[in-house]
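Encoded as structure tokens, the structure appears first; notes follow it.
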Amino acid sequence: MSWLDRILLFDIFTGLKITGRHWWRKKDTVPYPEARREPSDRFRGMFKLDEERCIKCTLCAIECPINIIYIDWHNEKNPEGKAEKVLDRFDLDLKRCMFCGLCEDACPTNPKSIWLKTKSYELGAYERNEELYLDIVKLTEWDVRKGVAIPPAPGEPVADKEEKKP
Amino acid sequence: MNEALLYNVVIPSVKAVVAVLVVATVAGILTLIERRVLARLQVRQGPNRVGWNGVLQWVADVVKLIFKEDVVPAGAEQGIHFLAPLLVMMPALTVYAFIPWGPETTWNVPGLGAIRTGLYGTDVNVGLLLLVAITSIGVYGIILGGWASNSKYALMGGLRSAAQLISYEVPMGFALVAAILMSKSLSLVGIVEAQRDAGLWFIFPGVVAFFLYFVSGVAETNRIPFDLPEAESELVAGFHTEYSGFRWAVFFLSEYANMITISAVATTLFFGGWLRPFPNVGWLSFLDLVPPLVWFLLKVSVFLFVYIWFRGTFPRYRFDQLMALGWKVLIPISIGNVLLVALAALWGLPGLKVLSAVLWVALVAGFLVVRKVETPRRTVLAAGVAR
Amino acid sequence: MSDERAGTAASVPDSGEPMLGLREMELNFGPQHPSTHGVLRLVLKVDGERIVSARPDIGYLHRGTEKLFETETYPMVIPHTDRMDYVAAATNNHAYCLAVEKLLGLEVPKKAQYIRVLLDELQRISSHLLWLATAAIDLGAITPFFYTFREREVILDLFEDYCGARLTLNCMRIGGLLEELPPGWVERVRAFTEVFDKNIDEYEDLLTENRIWKQRTIGIGILTGAQCIEWGVTGPPLRGAGVKWDIRRAIPYECYPELDFEIPVYPNADTYDRYLVRVAELRQSRRIVLQCCDWLLKNPEGEIRGKTPRVIKPVAGDVYAAVEAPKGELGFYLVSNGSNKPYRLRVRPPSFINLQALPEMAKGHLVADLVAIIGTIDIVLGEVDR
């Protein structure tokens with residue numbers, strides 16, 4: 001820094017210029033509830049379960065690093081007389097979930113039976129033990145109750161997708 | 001009505017009430033403005049929930065602070081802890097008794113006839129001296145508040161504040177002396193009138209004094225880059241760490257009232273108070289259509305904006321560096337400046353004009369030269385370059 | 001705070017001490033202090049504002065992660081590594097995956113290597129931006145925070161597009177990566193990186209030459225190169241002390257030998273030089289990202305996961321693998337007993353080791369400088385306490 005610099009406070013004015021310039025810049029934040037940003041397609045958010053597709057293999061519960069998926073099932077004879085696994089319990093303790101997505105990775109069905117790519121991130125609740133503990137009903141029907149349209153599961157056939165679009 | 005009663009009791013009382021209410025309200029609104037302006041400088045939204053676009057945010061803040069629990073820490077000196085915010089607030093509001101917002105005007109009040117009075121509480125003939133005296137009382141509140149809180153952080157904040165405020169009184173005083181020398185008056189109204197008579201805002205011959213005054217003013221009001229007494233990242237909240245609720249609000253209000261004071265005094269001393277630009281140039285007289293009060297408020301708001309702009313731009317000085325800046329840089333410059341201005345003032349108005357010309361030519365030339373020989377601002381151009 | 005009045009004359013007991021009672025005051029700095037970057041607690045002995053000694057008290061964020069590792073199978077460890085240095089999850093994933101791959105003798109496909117490096121460097125940029133933001137706030141400059149976060153947000157959006165999370169990425173898998181790149185992603189990374197240089201200029205205009213910033217940082221928190229080596233300090237503090245040591249060049253991993261970049265080194269070992277190192281690293285990381293983008297655009301085909309066995313059961317043995325994380329050398333020492341879970345997984349966290357040098361750096365400085373010093377070593381308490 002030369003002595004002229006020191007007297008004329010050039011560095012000070014440069015700083016003021018930079019911040020002053022931002023007066024006219026576009027704001028970078030959005031007023032949240034009115035304007036919201038769409039999560040990307042791969043965003044890991046709220047869970048969704050498709051009971052029909054689920055083969056009750058419990059791989060998701062095994063792969064879960066913190067063991068928050070609880071699955072119970074029993075065998076039942078279906079009308080054709082074949083033995084079939086029926087879910088008694090598929091509980092997910094959302095309040096402890098860290099959204100790593102390993103359960104979705106582990107799911108062997110195609111399309112996935114349990115997946116997180118639902119583009120929903122507003123999971124706040126006033127009570128954590130009841131509201132953030134998801135049973136089968138909550139896992140499969142939360143979108144119906146809340147009225148949000150969620151994208152199809154990863155790997156769902158294209159025809160299926162087109163059907164859902166309108 | 002009895003004329004003496006009217007002029008000595010009624011009008012001053014009305015003015016006092018109006019001044020306090022206006023300043024308190026403006027200080028409240030200023031918090032909102034500061035947040036919005038900062039938000040804009042920082043490319044974000046700022047408070048926009050309460051009222052239309054957040055205009056009522058400050059009301060919500062005040063209401064919240066009034067109803068908030070008033071916590072007094074265990075082991076605090078109850079009495080002094082209670083007294084400190086008042087000690088800070090009272091001088092901050094008292095100075096508005098003699099800060100002139102506009103010239104003497106005639107008001108037609110129904111039932112009372114024409115009343116001739118100025119837009120100021122009173123014209124004290126040693127106004128500037130009184131101003132310095134009263135504002136210095138505020139530091140007691142800060143020290144005592146810091147000490148009485150029974151907290152180490154608050155204590156350190158209070159001590160920092162004491163040292164800082166006392167050091168910066170000196171250059172500020174010298175800057176004021178320069179203004180007094182130019183106007184040959186201690187009355188704030190007299191100083192504005194001197195600028196009108198000279199046809200010259202004192203910023204021209206007094207640019208150095210103005211700079212010194214403003215820097216010391218920023219330091220006096222504990223604002224970035226001199227906000228050490230309340231440095232958030234170091235001392236949590238400095239002297240008001242242990243204050244909450246309305247007592248904290250009083251500290252806050254005083255800080256903003258002080259900001260307005262400093263801006264108003266800078267306007268009065270160096271920017272012609274309520275005068276329009278170039279008050280003696282005839283062809284600019286259409287500017288008189290704008291009332292003097294508006295001119296004054298415009299100038300004050302520019303300074304307040306600069307305050308906020310500073311806050312949005314600079315890092316904070318360290319304690320010892322701040323003292324070094326005050327004692328080793330500002331005080332010598334201010335003494336030299338007083339000598340320079342005194343010499344010019346001895347010559348009279350032509351002297352002031354010559355001084356203005358010299359100073360501004362030097363400034364502009366300096367900027368041009370620096371721009372030409374400007375070294376690269378960014379040292380990190382290539383990797384591994386030694387400093 | 002029981003001895004609140006300690007240090008003031010009134011509180012000094014009559015114990016034969018001098019009447020003025022000038023003695024050191026104990027100051028509790030944190031864990032709820034605004035600038036301790038989380039839950040660090042420092043017990044300071046101060047003489048007025050001058051620090052006589054500083055003792056870091058850590059453990060407020062201890063979650064037993066290393067013990068937890070032993071109860072999880074190898075793939076299940078990855079999400080937990082995210083949560084150590086939570087502002088640089090990709091490098092954590094990377095270091096762990098490297099360790100397991102080394103033990104398994106797995107070859108990672110070239111394309112996966114480039115994507116990993118790309119993610120690492122984006123993560124380094126985002127971590128350094130966060131550091132710049134918080135370090136500036138510590139010294140009172142609030143605005144750089146918002147400018148750096150604006151750019152960091154873009155990077156986090158890119159991460160979200162790639163792996164679905166913004167912070168705890170969980171983006172790497174043993175032997176490669178989680179997912180194929182989404183279409184158009186590389187182009188977007190490139191577009192961001194190309195304009196990013198201008199943003200760095202902006203931060204520098206605000207800080208590099210600013211007299212207050214220089215006064216606050218030059219000569220503060222000196223830790224010489226020799227001291228750094230004694231304490232095991234790595235990363236920008238080491239390179240800011242004139243020692244040219246960077247795992248990316250010293251013990252190369254992945255495709256770093258094929259990339260053209262420099263290791264910024266500054267000699268003065270103070271806070272200002274560490275700042276300069278980090279800003280220079282922002283520019284170098286940007287260069288690396290551009291090169292990775294170009295390579296990926298030229299070679300869009302290729303495997304992203306090597307021949308990873310379905311169940312990972314490495315042979316018994318131990319291995320150490322390290323990467324250059326934004327904060328320094330991040331190493332994983334892995335001991336396997338042949339089962340599908342690690343027998344022991346020890347982390348060498350750069351934050352923890354760099355933090356140990358804090359008392360050395362803080363001695364004799366003012367409380368205000370302490371804030372600058374905590375800022376300059378760039379700690380993340382999640383990694384310190386684990």
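Identifiers in this document derive from the order of the structure tokens: chains are assigned A, B, ..., residues are numbered from 1 separately in each chain, and ligands are numbered from 1 in order of occurrence.
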
May I ask you to extract the residues of chain C within 8 Å of chain A, using only C-alpha atoms, and to give them as a compact mmCIF listing (two decimals) with N, CA and C atoms, in the first residue's frame?
# COMPACT_ATOMS: atom_id res chain seq x y z
N GLU C 72 -21.79 -51.60 12.00
CA GLU C 72 -22.46 -51.47 10.72
C GLU C 72 -21.67 -52.21 9.65
N MET C 76 -22.99 -49.51 4.99
CA MET C 76 -23.81 -48.72 5.90
C MET C 76 -23.01 -47.65 6.63
N VAL C 77 -21.70 -47.72 6.56
CA VAL C 77 -20.87 -46.72 7.25
C VAL C 77 -20.93 -45.39 6.52
N PRO C 79 -23.16 -43.29 5.13
CA PRO C 79 -23.95 -42.15 5.60
C PRO C 79 -23.44 -41.55 6.91
N THR C 143 -21.16 -8.93 5.28
CA THR C 143 -21.69 -9.08 3.93
C THR C 143 -21.06 -10.20 3.11
N ARG C 150 -24.33 -17.26 -1.71
CA ARG C 150 -25.01 -17.26 -3.01
C ARG C 150 -24.35 -18.28 -3.93
N GLU C 160 -27.52 -31.52 -5.18
CA GLU C 160 -28.88 -32.04 -5.05
C GLU C 160 -29.31 -32.70 -6.36
N ASP C 161 -28.96 -32.06 -7.47
CA ASP C 161 -29.31 -32.65 -8.76
C ASP C 161 -28.61 -33.99 -8.95
N TYR C 162 -27.38 -34.09 -8.45
CA TYR C 162 -26.65 -35.32 -8.68
C TYR C 162 -27.10 -36.44 -7.75
N CYS C 163 -27.12 -36.16 -6.43
CA CYS C 163 -27.33 -37.29 -5.53
C CYS C 163 -28.53 -37.10 -4.62
N GLY C 164 -29.25 -36.02 -4.73
CA GLY C 164 -30.50 -35.92 -3.99
C GLY C 164 -30.39 -35.28 -2.63
N ALA C 165 -29.18 -34.96 -2.19
CA ALA C 165 -29.04 -34.28 -0.91
C ALA C 165 -28.11 -33.10 -1.09
N THR C 168 -25.58 -33.70 3.42
CA THR C 168 -25.10 -35.04 3.73
C THR C 168 -25.30 -35.88 2.48
N LEU C 169 -24.28 -35.85 1.63
CA LEU C 169 -24.47 -36.30 0.25
C LEU C 169 -24.69 -37.79 0.15
N ASN C 170 -23.85 -38.58 0.84
CA ASN C 170 -23.92 -40.03 0.69
C ASN C 170 -23.80 -40.39 -0.78
N GLU C 202 -14.69 -10.66 -6.43
CA GLU C 202 -15.55 -9.81 -5.60
C GLU C 202 -15.19 -9.96 -4.11
N ASP C 205 -11.97 -8.23 -3.49
CA ASP C 205 -12.08 -6.76 -3.45
C ASP C 205 -12.58 -6.31 -2.09
N LEU C 206 -13.47 -7.10 -1.50
CA LEU C 206 -14.00 -6.72 -0.20
C LEU C 206 -12.96 -6.89 0.90
N LEU C 207 -12.10 -7.88 0.80
CA LEU C 207 -11.27 -8.23 1.94
C LEU C 207 -9.77 -8.09 1.72
N GLU C 209 -7.40 -6.43 0.24
CA GLU C 209 -6.61 -5.22 0.44
C GLU C 209 -7.20 -4.31 1.52
N ASN C 210 -8.31 -4.69 2.07
CA ASN C 210 -8.95 -3.83 3.06
C ASN C 210 -8.05 -3.66 4.28
N ARG C 211 -7.83 -2.41 4.69
CA ARG C 211 -6.86 -2.17 5.75
C ARG C 211 -7.29 -2.80 7.07

Using only C-alpha atoms, which protein or nucleic acid residues come within 10 Å of B:Asn125? Drop anything in the same chain fewer than 5 positions from it, and give the result as a PyMOL selection string.
chain B and resi 98+130+185-190

Return as a PDB file with N, CA and C atoms, in the first residue's frame the residues belonging to chain C that are within 8 Å of chain B, counting only C-alpha atoms.
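The resulting file, selection13.pdb, is shown below:
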ATOM      1  N   GLU C   4     -17.623 -14.192  39.765  1.00  0.00           N
ATOM      2  CA  GLU C   4     -17.912 -13.200  38.737  1.00  0.00           C
ATOM      3  C   GLU C   4     -17.043 -11.962  38.867  1.00  0.00           C
ATOM      4  N   ARG C   5     -16.764 -11.609  40.086  1.00  0.00           N
ATOM      5  CA  ARG C   5     -16.036 -10.363  40.272  1.00  0.00           C
ATOM      6  C   ARG C   5     -14.534 -10.571  40.247  1.00  0.00           C
ATOM      7  N   LEU C  27     -12.119 -16.945  31.884  1.00  0.00           N
ATOM      8  CA  LEU C  27     -13.246 -16.576  31.023  1.00  0.00           C
ATOM      9  C   LEU C  27     -13.710 -17.817  30.288  1.00  0.00           C
ATOM     10  N   HIS C  33     -21.200 -19.566  22.642  1.00  0.00           N
ATOM     11  CA  HIS C  33     -20.697 -18.276  22.189  1.00  0.00           C
ATOM     12  C   HIS C  33     -20.916 -18.163  20.685  1.00  0.00           C
ATOM     13  N   PRO C  34     -21.281 -16.977  20.202  1.00  0.00           N
ATOM     14  CA  PRO C  34     -21.637 -16.893  18.778  1.00  0.00           C
ATOM     15  C   PRO C  34     -20.509 -17.259  17.809  1.00  0.00           C
ATOM     16  N   SER C  35     -19.261 -17.201  18.216  1.00  0.00           N
ATOM     17  CA  SER C  35     -18.244 -17.433  17.188  1.00  0.00           C
ATOM     18  C   SER C  35     -17.367 -18.637  17.479  1.00  0.00           C
ATOM     19  N   GLU C  49      -7.534  -8.162  28.521  1.00  0.00           N
ATOM     20  CA  GLU C  49      -8.041  -8.835  27.328  1.00  0.00           C
ATOM     21  C   GLU C  49      -6.995  -9.754  26.725  1.00  0.00           C
ATOM     22  N   ALA C 136     -15.112 -14.149   7.972  1.00  0.00           N
ATOM     23  CA  ALA C 136     -15.376 -12.720   7.808  1.00  0.00           C
ATOM     24  C   ALA C 136     -16.356 -12.239   8.857  1.00  0.00           C
ATOM     25  N   ILE C 137     -17.359 -13.051   9.140  1.00  0.00           N
ATOM     26  CA  ILE C 137     -18.340 -12.647  10.165  1.00  0.00           C
ATOM     27  C   ILE C 137     -17.661 -12.538  11.524  1.00  0.00           C
ATOM     28  N   ASP C 138     -16.733 -13.471  11.790  1.00  0.00           N
ATOM     29  CA  ASP C 138     -16.025 -13.409  13.070  1.00  0.00           C
ATOM     30  C   ASP C 138     -15.299 -12.091  13.226  1.00  0.00           C
ATOM     31  N   LEU C 139     -14.800 -11.562  12.129  1.00  0.00           N
ATOM     32  CA  LEU C 139     -14.080 -10.296  12.213  1.00  0.00           C
ATOM     33  C   LEU C 139     -15.001  -9.119  11.946  1.00  0.00           C
ATOM     34  N   GLY C 140     -16.286  -9.345  11.924  1.00  0.00           N
ATOM     35  CA  GLY C 140     -17.217  -8.234  11.857  1.00  0.00           C
ATOM     36  C   GLY C 140     -17.725  -7.871  10.480  1.00  0.00           C
ATOM     37  N   ALA C 141     -17.184  -8.492   9.433  1.00  0.00           N
ATOM     38  CA  ALA C 141     -17.678  -8.181   8.085  1.00  0.00           C
ATOM     39  C   ALA C 141     -18.824  -9.131   7.783  1.00  0.00           C
ATOM     40  N   ILE C 142     -20.053  -8.611   7.761  1.00  0.00           N
ATOM     41  CA  ILE C 142     -21.178  -9.522   7.641  1.00  0.00           C
ATOM     42  C   ILE C 142     -21.539  -9.812   6.197  1.00  0.00           C
ATOM     43  N   THR C 143     -21.161  -8.929   5.279  1.00  0.00           N
ATOM     44  CA  THR C 143     -21.690  -9.080   3.926  1.00  0.00           C
ATOM     45  C   THR C 143     -21.058 -10.204   3.115  1.00  0.00           C
ATOM     46  N   PHE C 146     -23.083 -13.411   2.725  1.00  0.00           N
ATOM     47  CA  PHE C 146     -24.199 -13.605   1.809  1.00  0.00           C
ATOM     48  C   PHE C 146     -23.717 -13.802   0.388  1.00  0.00           C
ATOM     49  N   TYR C 147     -22.613 -13.145   0.051  1.00  0.00           N
ATOM     50  CA  TYR C 147     -22.100 -13.330  -1.309  1.00  0.00           C
ATOM     51  C   TYR C 147     -21.556 -14.737  -1.487  1.00  0.00           C
ATOM     52  N   ASP C 201     -13.130 -12.732  -7.323  1.00  0.00           N
ATOM     53  CA  ASP C 201     -12.606 -11.362  -7.380  1.00  0.00           C
ATOM     54  C   ASP C 201     -13.394 -10.452  -6.449  1.00  0.00           C
ATOM     55  N   GLU C 204     -12.450 -10.887  -2.912  1.00  0.00           N
ATOM     56  CA  GLU C 204     -11.121 -10.342  -2.665  1.00  0.00           C
ATOM     57  C   GLU C 204     -11.157  -8.827  -2.627  1.00  0.00           C
ATOM     58  N   ASP C 205     -11.970  -8.225  -3.485  1.00  0.00           N
ATOM     59  CA  ASP C 205     -12.077  -6.765  -3.449  1.00  0.00           C
ATOM     60  C   ASP C 205     -12.576  -6.309  -2.090  1.00  0.00           C
ATOM     61  N   LEU C 206     -13.471  -7.103  -1.500  1.00  0.00           N
ATOM     62  CA  LEU C 206     -14.005  -6.719  -0.199  1.00  0.00           C
ATOM     63  C   LEU C 206     -12.964  -6.887   0.899  1.00  0.00           C
ATOM     64  N   THR C 208      -9.251  -8.608   0.619  1.00  0.00           N
ATOM     65  CA  THR C 208      -7.802  -8.810   0.525  1.00  0.00           C
ATOM     66  C   THR C 208      -7.007  -7.552   0.831  1.00  0.00           C
ATOM     67  N   GLU C 209      -7.400  -6.426   0.245  1.00  0.00           N
ATOM     68  CA  GLU C 209      -6.609  -5.215   0.444  1.00  0.00           C
ATOM     69  C   GLU C 209      -7.195  -4.315   1.524  1.00  0.00           C
ATOM     70  N   ILE C 212      -8.581  -2.796   7.322  1.00  0.00           N
ATOM     71  CA  ILE C 212      -9.017  -3.375   8.603  1.00  0.00           C
ATOM     72  C   ILE C 212      -8.795  -4.880   8.583  1.00  0.00           C
ATOM     73  N   TRP C 213      -9.162  -5.493   7.478  1.00  0.00           N
ATOM     74  CA  TRP C 213      -8.973  -6.934   7.350  1.00  0.00           C
ATOM     75  C   TRP C 213      -7.503  -7.292   7.497  1.00  0.00           C
ATOM     76  N   GLN C 215      -5.134  -5.518   9.015  1.00  0.00           N
ATOM     77  CA  GLN C 215      -4.672  -5.308  10.389  1.00  0.00           C
ATOM     78  C   GLN C 215      -5.146  -6.406  11.310  1.00  0.00           C
ATOM     79  N   ARG C 216      -6.342  -6.903  11.042  1.00  0.00           N
ATOM     80  CA  ARG C 216      -6.884  -7.925  11.924  1.00  0.00           C
ATOM     81  C   ARG C 216      -6.243  -9.288  11.698  1.00  0.00           C
ATOM     82  N   GLU C 262      -1.938 -26.302  -9.184  1.00  0.00           N
ATOM     83  CA  GLU C 262      -0.799 -25.963  -8.345  1.00  0.00           C
ATOM     84  C   GLU C 262      -1.199 -26.004  -6.880  1.00  0.00           C
ATOM     85  N   ILE C 263      -0.200 -26.151  -6.035  1.00  0.00           N
ATOM     86  CA  ILE C 263      -0.443 -26.118  -4.598  1.00  0.00           C
ATOM     87  C   ILE C 263      -0.056 -24.732  -4.108  1.00  0.00           C
ATOM     88  N   PRO C 264      -1.017 -23.920  -3.703  1.00  0.00           N
ATOM     89  CA  PRO C 264      -0.659 -22.579  -3.226  1.00  0.00           C
ATOM     90  C   PRO C 264       0.052 -22.643  -1.872  1.00  0.00           C
ATOM     91  N   VAL C 265       1.169 -21.938  -1.784  1.00  0.00           N
ATOM     92  CA  VAL C 265       1.929 -21.901  -0.538  1.00  0.00           C
ATOM     93  C   VAL C 265       2.271 -20.446  -0.237  1.00  0.00           C
ATOM     94  N   TYR C 266       2.060 -20.043   0.990  1.00  0.00           N
ATOM     95  CA  TYR C 266       2.455 -18.696   1.417  1.00  0.00           C
ATOM     96  C   TYR C 266       3.328 -18.816   2.651  1.00  0.00           C
ATOM     97  N   PRO C 267       4.288 -17.931   2.810  1.00  0.00           N
ATOM     98  CA  PRO C 267       5.347 -18.194   3.789  1.00  0.00           C
ATOM     99  C   PRO C 267       5.114 -17.683   5.206  1.00  0.00           C
ATOM    100  N   LEU C 276      -5.111 -16.227   2.312  1.00  0.00           N
ATOM    101  CA  LEU C 276      -4.667 -16.204   0.921  1.00  0.00           C
ATOM    102  C   LEU C 276      -4.603 -17.615   0.345  1.00  0.00           C
ATOM    103  N   VAL C 279      -8.083 -18.737  -0.540  1.00  0.00           N
ATOM    104  CA  VAL C 279      -8.630 -18.095  -1.738  1.00  0.00           C
ATOM    105  C   VAL C 279      -7.935 -18.636  -2.978  1.00  0.00           C
ATOM    106  N   ALA C 280      -6.610 -18.855  -2.883  1.00  0.00           N
ATOM    107  CA  ALA C 280      -5.895 -19.419  -4.029  1.00  0.00           C
ATOM    108  C   ALA C 280      -6.401 -20.829  -4.306  1.00  0.00           C
ATOM    109  N   VAL C 367      -8.459 -11.185  23.133  1.00  0.00           N
ATOM    110  CA  VAL C 367      -9.673 -11.988  22.962  1.00  0.00           C
ATOM    111  C   VAL C 367     -10.220 -11.808  21.548  1.00  0.00           C
ATOM    112  N   ALA C 368     -10.116 -10.587  21.023  1.00  0.00           N
ATOM    113  CA  ALA C 368     -10.613 -10.333  19.679  1.00  0.00           C
ATOM    114  C   ALA C 368      -9.859 -11.177  18.654  1.00  0.00           C
ATOM    115  N   ASP C 369      -8.555 -11.397  18.888  1.00  0.00           N
ATOM    116  CA  ASP C 369      -7.774 -12.212  17.958  1.00  0.00           C
ATOM    117  C   ASP C 369      -8.136 -13.674  18.065  1.00  0.00           C
ATOM    118  N   VAL C 371     -10.914 -14.942  18.283  1.00  0.00           N
ATOM    119  CA  VAL C 371     -12.003 -15.206  17.359  1.00  0.00           C
ATOM    120  C   VAL C 371     -11.459 -15.414  15.950  1.00  0.00           C
TER     121      VAL C 371
END

Grab the atom CA of C:Leu381 to atom CA of C:Val39 distance for me, in Å with one decimal place.
6.6 Å

Measure the distance from atom CA of C:Gly232 to atom CA of C:Gly317 in Å and round it to one decimal.
25.5 Å

Spatial neighbours of stretch 71-81 of chain A, max dist 8 Å, only C-alpha atoms, sep filter under 4 positions, as a ChimeraX atom specification:
/A:56,58,61,85-91

Two-atom distance - atom CA of B:Trp201, atom CA of B:Ala344 (Å):
15.1 Å

Would you mind writing down, as a PyMOL selection string, each residue of stretch 111-319 of chain C that DSSP on the backbone assigns to strand (DSSP E)?
chain C and resi 172-173+176-177+317-319

Pick out each residue of stretch 229-334 of chain C that DSSP on the backbone tags as helix (DSSP H, G or I); I need them as a ChimeraX atom specification.
/C:229-231,236-239,247-250,256-258,271-298
